[in-house]
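Working notes for the structure below.
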Amino acid sequence: MDTFVITGGKPLKGDVTLGGAKNVALKVLIASLLTDEELVIGNVPLLRDVFSLLEVLKGLGVTYSLDGHTLRIQNGHLKNSAVPLEAGARLRTSSMVLGPLLARRHEAKIPNPGGCRLGARPIDRHVSALRRMGATIDYNSKDGYFYAKAEKLTGTTIEFPKNTHTGTETLLLAAVLAQGKTVLKNAAEEVEVDELITLLNAMGARIKRSGSREITIEGVAVLHGATHSIMPDRNEEVTFAIAAAITRGRIVVADSQRATLAAFLESFTKAGGMYEAVGDTATAYWMDDAPKPTDIMTGPHPGFMTDWQAPWAVFMTQATGISSIHETVFESRFSYVGELEKMGANVSFFSPPTDDPQTFYNFNLDDRIEGFRQAIKINGPTKLHNAVVDIHDLRAGATLILAALAASGESYVHGAEHVDRGYEKIEERLTQLGANIKRFKEEEV
Ligand code: EPU
């Protein structure tokens, strides 16, 4: 594992360009399985997760070439319908090939997915929805594989019991080639889902948002090639906005996704963060005064995204007073707290009372880790200091980098590869903004 060595305390100033959105890129790559023609995809982020998925797709018979950030990808001859166990453990999204494989090869063997360590993260909502379309899916706990078969997939009305972002996308990827009409109710509304819909429609699919949290898909017989450019990553924008505020700098984000960040900007402004449009497409972020404490609750779109809560926690260590963060989407997404405490943060866990936790929380209550508390209180302000810390998952990684940038002294942040899963060359972009951050191989530290 590589290590970032960061000397904090410098205001970050300047312009930054966002990478393509990871959570769009991965699904767009999977969409290549739906046609024999070529997809030409622009603004592909060169991330570890993207390369892991390309390996999985290659194993299924896909060929590709990469020129800068433009990917030409073609599934000429699907030759295999199994994803290796190891790939599934590394990359949760690899399970999403299930839909296209069932639609086109009528069978799939998919490992139980892994991904970031955010708790159990099962795919029961994906599986039961695909069963409703006619698939037979059995899980073999001895070998860790789902075995799926479907002579054909048939459109039907499916209501997700709880929000699921990738579950909605998995069903889109299955329903586009199904026979007849599929209606997804309680479907996810994240803008990344809309991007996938745009690409699939460009490939000849017939998908529309037909109501609030409802998507209607008219199955078609074949899909064709298309050209698409991936939207900039709004999670990166949030990271840079917070970086500007906590280092008392000013960062101008080119190709800003501000229009999709309403929930973040509302809280950012309440906390005293400032932003303004620069020209037609950029946004500048900064902060004049000390931040004010906030109470945040994560939720599916249009709520405050779970991906933003870890960086937000660093921001709130600088606020005067007590802030709280209540995580309602994942049952375990506070792996960074112990590491932040090493830098001096004053954080305590608590369990907010909820009337009906079964419906209130987005995760399945049965997956809840015993004794785990769903919320934290942050007592600020804290003058963060240097420490040696470990990254356990992607967003926690960005968080610890932010904390080290705001802290005094030299910090060692181990586990850089977790950050490479979602941020391309983060150290280069931060250096351009004036940060003192260097990356070392394990043996060099
Ligand atoms: N869940 C189940 N069963 C299912 C599906 C979901 O129990 O069949 C649970 C999950 O364990 C979680 C909750 O329901 O507790 C919500 O899951 P959802 O399916 O909405 O999330 P996801 O698809 O696993 C995607 C992103 C996440 C992002 C969330 C929320 C991708 C590849 N991942 O996860 O991104 O946080 O939606 O928008 O698109 C990240 O980028 O760091 C990341 C984790």
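As shown in the structure tokens, the chain order sets the letters A, B, ...; within each chain, residues go from 1, and ligands are also counted from 1 in the order they appear.
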So which residues touch Met231 in chain A within 10 Å, counting only C-alpha atoms, skipping near sequence neighbours fewer than 3 positions away, as a list of chain:residue names?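 Everything that qualifies: A:Leu18, A:Gly19, A:Gly20, A:Ala21, A:Lys22, A:Asn23, A:Val24, A:Ala25, A:Gly42, A:Asn43, A:Val44, A:Val191, A:Glu192, A:Glu195, A:His228, A:Arg234, A:Asp255, A:Ser256, A:Gln257.
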Using only N, CA, C and O atoms, please write the residues we just selected to a file, as a JSON list (two decimals), in the first residue's frame.
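Once written, again-v3.json looks like this:
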[["chain", "number", "residue", "atom", "x", "y", "z"],
["A", 18, "LEU", "N", -12.34, 18.57, -12.61],
["A", 18, "LEU", "CA", -12.87, 17.33, -12.03],
["A", 18, "LEU", "C", -12.63, 16.17, -12.99],
["A", 18, "LEU", "O", -12.68, 16.34, -14.21],
["A", 19, "GLY", "N", -12.42, 14.98, -12.44],
["A", 19, "GLY", "CA", -12.36, 13.78, -13.28],
["A", 19, "GLY", "C", -13.77, 13.33, -13.64],
["A", 19, "GLY", "O", -14.75, 13.83, -13.08],
["A", 20, "GLY", "N", -13.88, 12.40, -14.57],
["A", 20, "GLY", "CA", -15.19, 11.84, -14.91],
["A", 20, "GLY", "C", -15.74, 11.08, -13.71],
["A", 20, "GLY", "O", -14.98, 10.53, -12.91],
["A", 21, "ALA", "N", -17.06, 11.03, -13.60],
["A", 21, "ALA", "CA", -17.70, 10.43, -12.42],
["A", 21, "ALA", "C", -17.50, 8.91, -12.40],
["A", 21, "ALA", "O", -17.95, 8.20, -13.31],
["A", 22, "LYS", "N", -16.86, 8.43, -11.33],
["A", 22, "LYS", "CA", -16.65, 6.98, -11.17],
["A", 22, "LYS", "C", -17.97, 6.22, -11.24],
["A", 22, "LYS", "O", -18.07, 5.20, -11.92],
["A", 23, "ASN", "N", -18.98, 6.74, -10.51],
["A", 23, "ASN", "CA", -20.22, 5.97, -10.39],
["A", 23, "ASN", "C", -21.09, 6.04, -11.64],
["A", 23, "ASN", "O", -22.16, 5.43, -11.69],
["A", 24, "VAL", "N", -20.63, 6.78, -12.65],
["A", 24, "VAL", "CA", -21.24, 6.70, -13.98],
["A", 24, "VAL", "C", -20.38, 5.79, -14.85],
["A", 24, "VAL", "O", -20.88, 4.89, -15.52],
["A", 25, "ALA", "N", -19.06, 6.03, -14.81],
["A", 25, "ALA", "CA", -18.15, 5.31, -15.71],
["A", 25, "ALA", "C", -18.34, 3.79, -15.58],
["A", 25, "ALA", "O", -18.42, 3.07, -16.59],
["A", 42, "GLY", "N", -16.07, 9.21, -23.73],
["A", 42, "GLY", "CA", -15.12, 10.27, -23.39],
["A", 42, "GLY", "C", -15.11, 10.55, -21.89],
["A", 42, "GLY", "O", -16.00, 10.14, -21.17],
["A", 43, "ASN", "N", -14.08, 11.26, -21.45],
["A", 43, "ASN", "CA", -13.93, 11.69, -20.06],
["A", 43, "ASN", "C", -13.96, 10.52, -19.07],
["A", 43, "ASN", "O", -14.51, 10.61, -17.98],
["A", 44, "VAL", "N", -13.35, 9.40, -19.48],
["A", 44, "VAL", "CA", -13.30, 8.22, -18.59],
["A", 44, "VAL", "C", -12.23, 8.48, -17.53],
["A", 44, "VAL", "O", -11.07, 8.77, -17.86],
["A", 191, "VAL", "N", -28.40, 11.52, -9.94],
["A", 191, "VAL", "CA", -28.15, 12.03, -11.29],
["A", 191, "VAL", "C", -27.28, 11.04, -12.08],
["A", 191, "VAL", "O", -27.33, 11.01, -13.32],
["A", 192, "GLU", "N", -26.52, 10.21, -11.36],
["A", 192, "GLU", "CA", -25.70, 9.21, -12.05],
["A", 192, "GLU", "C", -26.60, 8.19, -12.77],
["A", 192, "GLU", "O", -26.24, 7.67, -13.83],
["A", 195, "GLU", "N", -27.64, 9.66, -16.03],
["A", 195, "GLU", "CA", -26.57, 9.59, -17.04],
["A", 195, "GLU", "C", -26.60, 8.24, -17.75],
["A", 195, "GLU", "O", -26.41, 8.14, -18.95],
["A", 228, "HIS", "N", -20.50, 8.78, -26.02],
["A", 228, "HIS", "CA", -20.99, 9.45, -24.81],
["A", 228, "HIS", "C", -19.81, 10.00, -24.02],
["A", 228, "HIS", "O", -18.74, 9.38, -23.97],
["A", 234, "ARG", "N", -19.26, 14.80, -9.20],
["A", 234, "ARG", "CA", -19.72, 15.80, -8.21],
["A", 234, "ARG", "C", -19.17, 15.48, -6.81],
["A", 234, "ARG", "O", -19.06, 16.37, -5.97],
["A", 255, "ASP", "N", -15.95, 23.22, -14.98],
["A", 255, "ASP", "CA", -17.05, 22.30, -15.31],
["A", 255, "ASP", "C", -17.80, 21.86, -14.05],
["A", 255, "ASP", "O", -18.03, 20.68, -13.82],
["A", 256, "SER", "N", -18.16, 22.84, -13.26],
["A", 256, "SER", "CA", -18.81, 22.59, -11.97],
["A", 256, "SER", "C", -20.14, 21.85, -12.15],
["A", 256, "SER", "O", -20.91, 22.12, -13.07],
["A", 257, "GLN", "N", -20.41, 20.97, -11.19],
["A", 257, "GLN", "CA", -21.69, 20.24, -11.17],
["A", 257, "GLN", "C", -22.63, 20.84, -10.12],
["A", 257, "GLN", "O", -23.45, 20.15, -9.53]]
If the limit is 7 Å from any atom of ligand 1, counting only C-alpha atoms and all ligand atoms, which residues qualify? Return them as an MDAnalysis selection string. chainID A and resid 22:23 93 116 119:126 163:167 190 300 305:307 329:331 362:364 394:395 422
Could you list, as JSON, numbers by chain, every residue within 12 Å of Gly219 in chain A, counting only C-alpha atoms and ignoring same-chain residues fewer than 2 positions away? {"A": [103, 133, 152, 153, 154, 155, 156, 171, 172, 173, 174, 175, 176, 177, 178, 179, 180, 181, 182, 183, 200, 201, 204, 205, 206, 207, 208, 216, 217, 221, 222, 223]}
I need the residues in range 235-361 of chain A that are alpha helix (DSSP H) according to DSSP; give them as an NGL selection string. :A and (235-246 or 262-270 or 306-316 or 337-342 or 357-360)
Quote the spacing between CA of Phe160 in chain A and CA of Ala82 in chain A in Å to one decimal place.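 These two atoms are separated by 26.2 Å.
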Out of range 50-184 of chain A, which residues get strand (DSSP E) from DSSP, as an MDAnalysis selection string? chainID A and resid 62:67 70:75 107:111 136:140 145:149 157:159 181:184
Between A:Leu365, A:Ile110, A:Ala89, A:Ala226, single out the one closest to Asp138 in chain A, counting only C-alpha atoms.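 The shortest atom-to-atom distance to Asp138 in chain A comes from A:Ile110.
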Smallest atom-to-atom distance to Gly273 in chain A: which of A:Phe146, A:Phe304, A:Trp312, A:Tyr64, using only C-alpha atoms? A:Trp312
